[in-house]
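*Asks:* Just my_file22.cif, nothing more (mmCIF, C-alpha atoms and all ligand atoms):
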data_model
#
loop_
_atom_site.label_atom_id
_atom_site.label_comp_id
_atom_site.auth_asym_id
_atom_site.auth_seq_id
_atom_site.Cartn_x
_atom_site.Cartn_y
_atom_site.Cartn_z
CA MET A 103 128.36 216.18 60.10
CA SER A 104 125.89 218.72 61.46
CA VAL A 105 124.56 218.53 65.03
CA ARG A 106 121.09 217.70 63.75
CA SER A 107 122.12 214.82 61.50
CA TRP A 108 124.32 213.48 64.30
CA SER A 109 121.36 213.39 66.72
CA GLU A 110 119.20 211.79 64.04
CA SER A 111 121.85 209.13 63.57
CA VAL A 112 121.90 208.45 67.31
CA LEU A 113 118.09 208.17 67.30
CA ILE A 114 118.12 205.73 64.40
CA GLY A 115 120.87 203.76 66.14
CA LEU A 116 118.84 203.54 69.33
CA ILE A 117 115.79 202.36 67.40
CA VAL A 118 117.85 199.65 65.71
CA ILE A 119 119.32 198.53 69.07
CA THR A 120 115.86 198.51 70.68
CA PHE A 121 114.37 196.33 67.94
CA GLY A 122 117.40 194.07 68.14
CA LEU A 123 116.89 193.58 71.88
CA LEU A 124 113.17 192.89 71.33
CA VAL A 125 114.02 190.16 68.81
CA VAL A 126 116.56 188.55 71.18
CA SER A 127 114.15 188.91 74.11
CA ASN A 128 111.32 187.30 72.16
CA SER A 129 113.46 184.32 71.21
CA TYR A 130 113.94 183.58 74.94
CA SER A 131 110.45 184.51 76.12
CA ALA A 132 108.79 181.97 78.37
CA VAL A 133 105.38 181.23 79.83
CA LEU A 134 106.78 179.28 82.78
CA ASP A 135 108.97 180.21 85.73
CA PRO A 136 112.15 178.08 85.53
CA LYS A 137 112.31 177.97 89.34
CA THR A 138 109.17 175.81 89.34
CA VAL A 139 110.86 173.06 87.31
CA GLU A 140 112.08 170.12 89.39
CA VAL A 141 113.43 168.17 86.44
CA ALA A 142 112.91 168.33 82.65
CA TYR A 143 114.24 166.19 79.82
CA LEU A 144 114.03 167.03 76.12
CA PHE A 145 115.72 163.75 75.05
CA ASP A 146 117.43 165.62 72.21
CA GLU A 147 120.92 164.20 72.94
CA GLY A 148 120.47 161.60 70.20
CA LYS A 149 122.96 159.18 71.74
CA GLY A 150 124.38 157.95 75.04
CA THR A 151 122.84 157.02 78.38
CA VAL A 152 122.60 160.42 80.08
CA ALA A 153 119.40 162.43 79.79
CA LYS A 154 120.37 166.05 80.37
CA ASP A 155 118.18 167.87 82.88
CA ILE A 156 117.43 171.38 81.57
CA SER A 157 116.19 172.58 84.97
CA GLU A 158 118.43 174.53 87.34
CA ASN A 159 118.77 171.42 89.53
CA GLY A 160 121.15 169.33 87.42
CA ARG A 161 119.16 166.12 87.84
CA ASP A 162 120.51 164.24 84.84
CA GLY A 163 118.77 160.93 84.17
CA ASP A 164 120.40 157.50 83.89
CA ILE A 165 119.00 155.78 80.77
CA SER A 166 119.13 151.99 80.59
CA GLY A 167 118.20 150.33 77.31
CA ALA A 168 115.93 152.95 75.72
CA LYS A 169 117.15 154.12 72.30
CA TYR A 170 116.89 157.50 70.57
CA VAL A 171 114.48 157.89 67.65
CA GLU A 172 112.60 160.80 66.07
CA GLY A 173 110.22 162.41 68.58
CA VAL A 174 107.60 165.16 68.74
CA PHE A 175 110.33 167.78 69.23
CA GLY A 176 113.78 166.61 68.12
CA THR A 177 114.51 163.07 69.28
CA CYS A 178 112.83 161.00 71.97
CA LEU A 179 113.36 157.72 73.83
CA ASP A 180 112.07 154.42 72.44
CA TYR A 181 111.26 151.95 75.25
CA ASP A 182 111.18 148.25 74.41
CA GLY A 183 108.63 147.29 77.08
CA ASN A 184 110.87 144.58 78.53
CA ASP A 185 113.38 146.26 80.81
CA ASP A 186 114.10 149.77 79.48
CA ASN A 187 114.09 152.48 82.12
CA LEU A 188 115.33 155.89 83.21
CA VAL A 189 116.22 156.71 86.81
CA VAL A 190 116.39 160.30 88.04
CA THR A 191 119.41 159.60 90.20
CA GLY A 192 119.16 161.00 93.72
CA TYR A 193 115.71 162.54 93.25
CA ALA A 194 112.66 161.00 94.98
CA GLY A 195 109.97 163.38 93.72
CA ILE A 196 107.55 165.77 95.44
CA GLY A 197 106.13 164.81 98.84
CA GLY A 198 103.17 165.21 101.15
CA THR A 199 100.33 167.14 99.61
CA ASP A 200 102.56 169.68 97.88
CA PRO A 201 101.25 170.86 94.51
CA ARG A 202 102.85 169.32 91.44
CA THR A 203 102.47 168.78 87.70
CA THR A 204 103.90 166.00 85.56
CA VAL A 205 103.87 166.41 81.75
CA PHE A 206 105.10 164.21 78.91
CA TRP A 207 104.44 163.01 75.37
CA PHE A 208 103.79 159.33 74.69
CA LYS A 209 103.12 157.12 71.68
CA ALA A 210 102.14 153.57 72.57
CA GLY A 211 103.76 150.37 71.32
CA ASP A 212 100.65 148.50 72.47
CA THR A 213 97.88 148.56 75.05
CA ARG A 214 99.17 147.85 78.53
CA GLU A 215 99.73 149.34 81.97
CA HIS A 216 102.58 151.57 80.80
CA SER A 217 104.71 152.82 83.67
CA TRP A 218 105.43 156.43 82.78
CA VAL A 219 106.58 158.34 85.86
CA LYS A 220 106.71 156.72 89.31
CA TRP A 221 108.07 157.43 92.75
CA GLY A 222 107.29 156.55 96.37
CA PRO A 223 107.05 153.10 98.01
CA ASN A 224 104.00 150.86 97.56
CA LEU A 225 102.21 152.08 100.69
CA THR A 226 98.72 153.55 101.02
CA GLY A 227 98.73 157.23 100.14
CA GLU A 228 102.55 157.29 99.81
CA LYS A 229 102.97 155.84 96.32
CA TYR A 230 102.85 158.24 93.35
CA TYR A 231 102.43 156.32 90.09
CA VAL A 232 101.55 157.98 86.80
CA ARG A 233 100.69 155.04 84.56
CA ALA A 234 98.17 153.68 82.03
CA HIS A 235 94.78 152.35 83.14
CA LEU A 236 93.52 149.40 81.08
CA ARG A 237 90.02 149.67 79.67
CA GLY A 238 89.47 146.75 77.31
CA ALA A 239 91.50 147.40 74.16
CA GLU A 240 92.13 151.00 75.21
CA CYS A 241 94.05 152.68 77.99
CA ASN A 242 93.72 155.92 79.88
CA LEU A 243 95.90 158.33 81.80
CA ARG A 244 95.90 157.32 85.48
CA ILE A 245 97.41 158.53 88.73
CA GLU A 246 97.40 156.18 91.69
CA VAL A 247 98.64 156.46 95.24
CA ALA A 248 97.96 152.91 96.60
CA GLY A 249 94.45 152.64 98.01
CA GLY A 250 93.18 155.24 95.55
CA GLN A 251 93.30 156.22 91.92
CA ASN A 252 92.01 158.73 89.41
CA PHE A 253 91.82 158.05 85.67
CA GLY A 254 90.49 159.69 82.53
CA ALA A 255 88.54 158.41 79.53
CA ASP A 256 90.49 159.32 76.37
CA ASN A 257 92.36 156.42 74.75
CA VAL A 258 96.10 157.09 74.76
CA CYS A 259 97.18 153.67 73.43
CA ASP A 260 96.12 154.13 69.79
CA GLU A 261 99.71 154.37 68.46
CA GLU A 262 99.38 158.13 67.99
CA TRP A 263 101.31 160.77 69.95
CA HIS A 264 99.47 162.15 72.98
CA HIS A 265 100.41 164.92 75.37
CA MET A 266 99.59 164.15 78.98
CA ALA A 267 99.54 166.27 82.12
CA VAL A 268 98.81 165.25 85.71
CA VAL A 269 98.10 168.24 87.94
CA PHE A 270 97.76 168.14 91.73
CA PRO A 271 96.37 171.60 92.61
CA LYS A 272 97.57 173.67 95.55
CA GLY A 273 95.49 172.99 98.68
CA SER A 274 94.50 169.49 97.56
CA ASP A 275 94.73 166.45 99.83
CA ALA A 276 93.36 163.43 97.94
CA VAL A 277 94.03 161.60 94.69
CA LYS A 278 90.76 162.59 93.00
CA ASP A 279 91.65 166.25 93.43
CA HIS A 280 94.05 165.72 90.50
CA ASP A 281 93.19 167.26 87.16
CA LEU A 282 94.24 165.08 84.24
CA TYR A 283 94.76 166.43 80.71
CA VAL A 284 95.14 164.49 77.47
CA ASP A 285 96.09 166.60 74.45
CA GLY A 286 95.15 169.66 76.47
CA GLU A 287 91.64 168.38 77.24
CA LEU A 288 90.55 168.04 80.87
CA GLN A 289 89.56 164.42 81.58
CA SER A 290 86.58 163.10 83.52
CA LYS A 291 87.47 161.46 86.85
CA GLU A 292 86.98 157.81 87.81
CA GLY A 293 88.36 155.72 90.67
CA ASN A 294 88.32 155.57 94.46
CA ASP A 295 89.45 158.61 96.39
CA GLN A 296 92.32 158.31 98.86
CA ALA A 297 94.04 160.83 101.11
CA MET A 298 97.61 161.52 100.00
CA ASP A 299 100.89 161.86 101.84
CA THR A 300 103.39 161.19 99.08
CA ASN A 301 106.70 159.74 100.21
CA ALA A 302 109.56 161.72 98.66
CA LYS A 303 112.42 159.91 100.38
CA ASP A 304 112.42 156.19 99.72
CA GLN A 305 112.08 155.68 95.97
CA GLU A 306 113.88 157.61 93.22
CA VAL A 307 111.78 158.77 90.29
CA ASN A 308 111.64 156.07 87.60
CA MET A 309 110.41 156.52 84.03
CA GLY A 310 109.73 153.11 82.51
CA ASP A 311 110.17 150.52 85.27
CA PHE A 312 106.95 149.19 86.84
CA LEU A 313 108.53 149.10 90.35
CA ALA A 314 105.95 147.40 92.63
CA HIS A 315 103.17 146.73 90.13
CA HIS A 316 102.01 146.97 86.48
CA GLN A 317 104.20 146.80 83.36
CA PHE A 318 107.24 148.44 81.82
CA MET A 319 106.57 151.35 79.50
CA PHE A 320 106.42 150.26 75.82
CA GLY A 321 106.55 153.02 73.21
CA LEU A 322 107.96 156.47 72.52
CA PHE A 323 108.47 159.01 75.31
CA ASP A 324 109.38 162.69 74.83
CA GLU A 325 109.57 166.02 76.69
CA VAL A 326 108.94 164.94 80.27
CA ALA A 327 108.98 167.37 83.18
CA ILE A 328 107.95 167.58 86.81
CA PHE A 329 106.96 170.98 88.25
CA ASN A 330 106.51 171.97 91.91
CA VAL A 331 103.40 173.99 91.08
CA ASP A 332 99.96 173.30 89.64
CA LEU A 333 100.18 174.45 86.03
CA SER A 334 97.11 176.01 84.46
CA GLU A 335 95.34 174.65 81.40
CA ASP A 336 96.85 177.51 79.34
CA GLN A 337 100.36 176.70 80.55
CA ILE A 338 99.88 173.01 79.71
CA LYS A 339 98.67 173.94 76.24
CA ALA A 340 101.66 176.26 75.80
CA ILE A 341 104.01 173.37 76.62
CA MET A 342 102.11 171.07 74.28
CA ASP A 343 102.03 173.52 71.37
CA ASN A 344 105.48 175.11 71.68
CA GLY A 345 107.57 172.45 73.40
CA LEU A 346 109.29 172.57 76.78
CA GLN A 347 112.31 174.38 75.37
CA ALA A 348 110.29 177.37 74.19
CA ALA A 349 107.86 177.32 77.10
CA LEU A 350 110.76 177.45 79.55
CA GLY A 351 112.86 179.90 77.58
CA VAL A 352 115.79 177.52 77.13
CA ASP A 353 118.54 178.68 74.80
CA PRO A 354 119.88 176.48 71.96
CA GLN A 355 122.75 175.26 74.19
CA GLY A 356 120.14 173.75 76.49
CA LYS A 357 120.54 176.19 79.35
CA LEU A 358 117.75 178.15 80.95
CA ALA A 359 117.78 181.76 79.82
CA THR A 360 118.59 184.53 82.27
CA SER A 361 115.64 186.24 83.93
CA TRP A 362 115.87 189.41 81.84
CA GLY A 363 114.49 187.50 78.88
CA MET A 364 111.47 186.07 80.67
CA ILE A 365 107.96 187.18 79.85
CA LYS A 366 105.62 185.55 82.30
CA LYS A 367 102.12 185.29 80.96
CA TYR A 368 100.42 184.41 84.23
CA CA A 401 112.77 165.69 72.24
CA CA A 402 115.92 146.46 76.77
#
Can the structure from this file be put into structure tokens for me?
Ligand SMILES: [Ca+2]
Ligand SMILES: [Ca+2]

*Replies:*
Amino acid sequence: MSVRSWSESVLIGLIVITFGLLVVSNSYSAVLDPKTVEVAYLFDEGKGTVAKDISENGRDGDISGAKYVEGVFGTCLDYDGNDDNLVVTGYAGIGGTDPRTTVFWFKAGDTREHSWVKWGPNLTGEKYYVRAHLRGAECNLRIEVAGGQNFGADNVCDEEWHHMAVVFPKGSDAVKDHDLYVDGELQSKEGNDQAMDTNAKDQEVNMGDFLAHHQFMFGLFDEVAIFNVDLSEDQIKAIMDNGLQAALGVDPQGKLATSWGMIKKY
């Protein structure tokens, strides 16, 4: 082998390795910082009563009653509307006026005050209930804090899948500061404003149970996550279009990818 052909071989080898790394890197690319994820469930286990948290916090969920069926991405949980629930054991949510975002997919079993994601006791400004607002035969995405509420206008109880996001922007202090998204579309705001001081000590996060008021969730529930930041519209759409797994750069074993593979797009 001549010196020249040897160096050419090395060059070709390096090119092949570089492309290989790009392919691997792309497969783990993410639009979200995993450190901003408080808890996230894909519900792809397919069986059992433990919802595996794919965040770095290990907040596995305790499922009671809800069964696995086909979801938007992989499988999801099917809630019977009577007593099915999921408790995020030992985790009482985000407090005060700290920024936060809650996202999930839902397909209604009927029109009712579905209890999607709830924490905090039933006290003015301290409660944090993401649930359905009844509007005749339709229902809307609603956040309420006791003494105040903020709800959108798009019907999410039409037995079709809908992606929902509830964003409390940084620097906000009242319930109507929330931005609500249904299928990536920013909702109009209705309701009475109320200053917030969310209690993050006294009530674990529940997904399904009505707790103090309203009704159990009835329908299909997939890809839920709570973030400790206010996600942008583009980030919410990335989660909706690509799924939490891709948006977070989670590998096929369900673990968050190492930071070298992250490509932050914000
Ligand atoms: Ca799923
Ligand atoms: Ca049940």

*Asks:* Please return as a PyMOL selection string the residues found within 7 Å of ligand CA 402 (chain A), counting all atoms listed in the file.

*Replies:* chain A and resi 167-168+182+184-186

*Asks:* In Å, how far is it from atom CA of Glu262 of chain A to atom CA of Phe208 of chain A?

*Replies:* 8.1 Å

*Asks:* Which one of A:Asp155, A:Glu110, A:Glu172, A:Asp285 sits closest to ligand CA 401 (chain A) if you count only C-alpha atoms and all ligand atoms?

*Replies:*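 Nearest candidate to ligand CA 401 (chain A) out of A:Asp155, A:Glu110, A:Glu172, A:Asp285: A:Glu172.
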
*Asks:* From the list A:Lys169, A:Phe175, A:Ala349, A:Val139, which residue is nearest ligand CA 401 (chain A) when using only C-alpha atoms and all ligand atoms?

*Replies:*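 Ranking A:Lys169, A:Phe175, A:Ala349, A:Val139 by distance to ligand CA 401 (chain A), first place goes to A:Phe175.
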
*Asks:* Can I get the residues of chain A within 8 Å of ligand CA 401 (chain A), each with the closest pair of atoms and their distance in Å to one decimal, using only C-alpha atoms and all ligand atoms, sorted chain first then ascending number, as a Markdown table?

*Replies:*
| residue | atom | partner | partner_atom | distance |
| --- | --- | --- | --- | --- |
| A:Tyr143 | CA | A:CA401 | CA | 7.7 |
| A:Leu144 | CA | A:CA401 | CA | 4.3 |
| A:Phe145 | CA | A:CA401 | CA | 4.5 |
| A:Asp146 | CA | A:CA401 | CA | 4.7 |
| A:Glu172 | CA | A:CA401 | CA | 7.9 |
| A:Gly173 | CA | A:CA401 | CA | 5.5 |
| A:Val174 | CA | A:CA401 | CA | 6.3 |
| A:Phe175 | CA | A:CA401 | CA | 4.4 |
| A:Gly176 | CA | A:CA401 | CA | 4.3 |
| A:Thr177 | CA | A:CA401 | CA | 4.3 |
| A:Cys178 | CA | A:CA401 | CA | 4.7 |
| A:Asp324 | CA | A:CA401 | CA | 5.2 |
| A:Glu325 | CA | A:CA401 | CA | 5.5 |

*Asks:* Limited to C-alpha atoms, could you put the picked residues into a file as a PDB file, in the frame of the given file?

*Replies:*
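The file below, out32.pdb, is the result:
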ATOM      1  CA  TYR A 143     114.240 166.190  79.820  1.00  0.00           C
ATOM      2  CA  LEU A 144     114.030 167.030  76.120  1.00  0.00           C
ATOM      3  CA  PHE A 145     115.720 163.750  75.050  1.00  0.00           C
ATOM      4  CA  ASP A 146     117.430 165.620  72.210  1.00  0.00           C
ATOM      5  CA  GLU A 172     112.600 160.800  66.070  1.00  0.00           C
ATOM      6  CA  GLY A 173     110.220 162.410  68.580  1.00  0.00           C
ATOM      7  CA  VAL A 174     107.600 165.160  68.740  1.00  0.00           C
ATOM      8  CA  PHE A 175     110.330 167.780  69.230  1.00  0.00           C
ATOM      9  CA  GLY A 176     113.780 166.610  68.120  1.00  0.00           C
ATOM     10  CA  THR A 177     114.510 163.070  69.280  1.00  0.00           C
ATOM     11  CA  CYS A 178     112.830 161.000  71.970  1.00  0.00           C
ATOM     12  CA  ASP A 324     109.380 162.690  74.830  1.00  0.00           C
ATOM     13  CA  GLU A 325     109.570 166.020  76.690  1.00  0.00           C
TER      14      GLU A 325
END

*Asks:* What does the structure give for the distance between atom CA of Ala239 of chain A and atom CA of His315 of chain A, in Å to one decimal?

*Replies:* 19.8 Å

*Asks:* Counting all atoms listed in the file, what is within 10 Å of Arg161 of chain A, bar same-chain residues fewer than 5 positions away, as an NGL selection string?

*Replies:* :A and (140-143 or 153-156 or 189-193)

*Asks:* Could you check the closest approach to His316 of chain A for each of A:Arg202, A:Lys303, A:His216, A:Lys339 and tell me which residue wins, using all atoms listed in the file?

*Replies:*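 Residue with the minimum atom-to-atom distance to His316 of chain A: A:His216.
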
*Asks:* Dump as CSV the rows for residues of segment 283-339 of chain A within 8 Å of segment 252-258 of chain A: closest atom pair and distance in Å with one decimal, only C-alpha atoms counted, ordered by chain and rising residue number.

*Replies:*
residue,atom,partner,partner_atom,distance
A:Val284,CA,A:Asp256,CA,7.0
A:Gln289,CA,A:Gly254,CA,4.9
A:Ser290,CA,A:Gly254,CA,5.3
A:Lys291,CA,A:Gly254,CA,5.6
A:Glu292,CA,A:Phe253,CA,5.3
A:Gly293,CA,A:Asn252,CA,4.9
A:Asn294,CA,A:Asn252,CA,7.0
A:Asp295,CA,A:Asn252,CA,7.4

*Asks:* Let me know the centre plus edge lengths, in Å and rounded to one decimal, of a box with edges along x, y and z that contains all listed atoms of segment 328-344 of chain A and is padded by 3 Å on every side, as AutoDock Vina command-line options.

*Replies:*
--center_x 101.6 --center_y 172.5 --center_z 81.6 --size_x 18.6 --size_y 15.9 --size_z 26.5

*Asks:* Which residues are close to Asp332 of chain A, i.e. within 7 Å by all atoms listed in the file, leaving aside same-chain residues fewer than 6 positions away? Reply as a PyMOL selection string.

*Replies:* chain A and resi 201-203+269-272

*Asks:* Just write the chosen residues, C-alpha atoms, as a PDB file, keeping the file's coordinate frame.

*Replies:*
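Saved to part_1.pdb:
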ATOM      1  CA  PRO A 201     101.250 170.860  94.510  1.00  0.00           C
ATOM      2  CA  ARG A 202     102.850 169.320  91.440  1.00  0.00           C
ATOM      3  CA  THR A 203     102.470 168.780  87.700  1.00  0.00           C
ATOM      4  CA  VAL A 269      98.100 168.240  87.940  1.00  0.00           C
ATOM      5  CA  PHE A 270      97.760 168.140  91.730  1.00  0.00           C
ATOM      6  CA  PRO A 271      96.370 171.600  92.610  1.00  0.00           C
ATOM      7  CA  LYS A 272      97.570 173.670  95.550  1.00  0.00           C
TER       8      LYS A 272
END

*Asks:* Using all atoms listed in the file, which of A:Met319, A:Val152, A:Ile341, A:Leu236 sits nearest Phe206 of chain A?

*Replies:*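 Looking only at the distances to Phe206 of chain A, the closest residue turns out to be A:Ile341.
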
*Asks:* Separation of atom CA of Asp164 of chain A and atom CA of Phe320 of chain A, in Å?

*Replies:*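 Interatomic distance, atom CA of Asp164 of chain A to atom CA of Phe320 of chain A: 17.7 Å.
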
*Asks:* Using all atoms listed in the file, pick whichever of A:Pro223, A:Gly351, A:Gly195, A:Gly249 has the shortest atom-to-atom distance to Ala276 of chain A.

*Replies:* A:Gly249

*Asks:* Between A:Glu246, A:Glu306, A:Lys220, A:Ser157, single out the one closest to Gln347 of chain A, counting all atoms listed in the file.

*Replies:*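 Selected residue with least distance to Gln347 of chain A: A:Ser157.
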
*Asks:* Identify the residues around (104.1, 155.0, 86.6) within a radius of 10 Å, measuring from only C-alpha atoms in the coordinates stated by the file, and give them as an NGL selection string.

*Replies:* :A and (215-221 or 229-234 or 244-246 or 307-319)
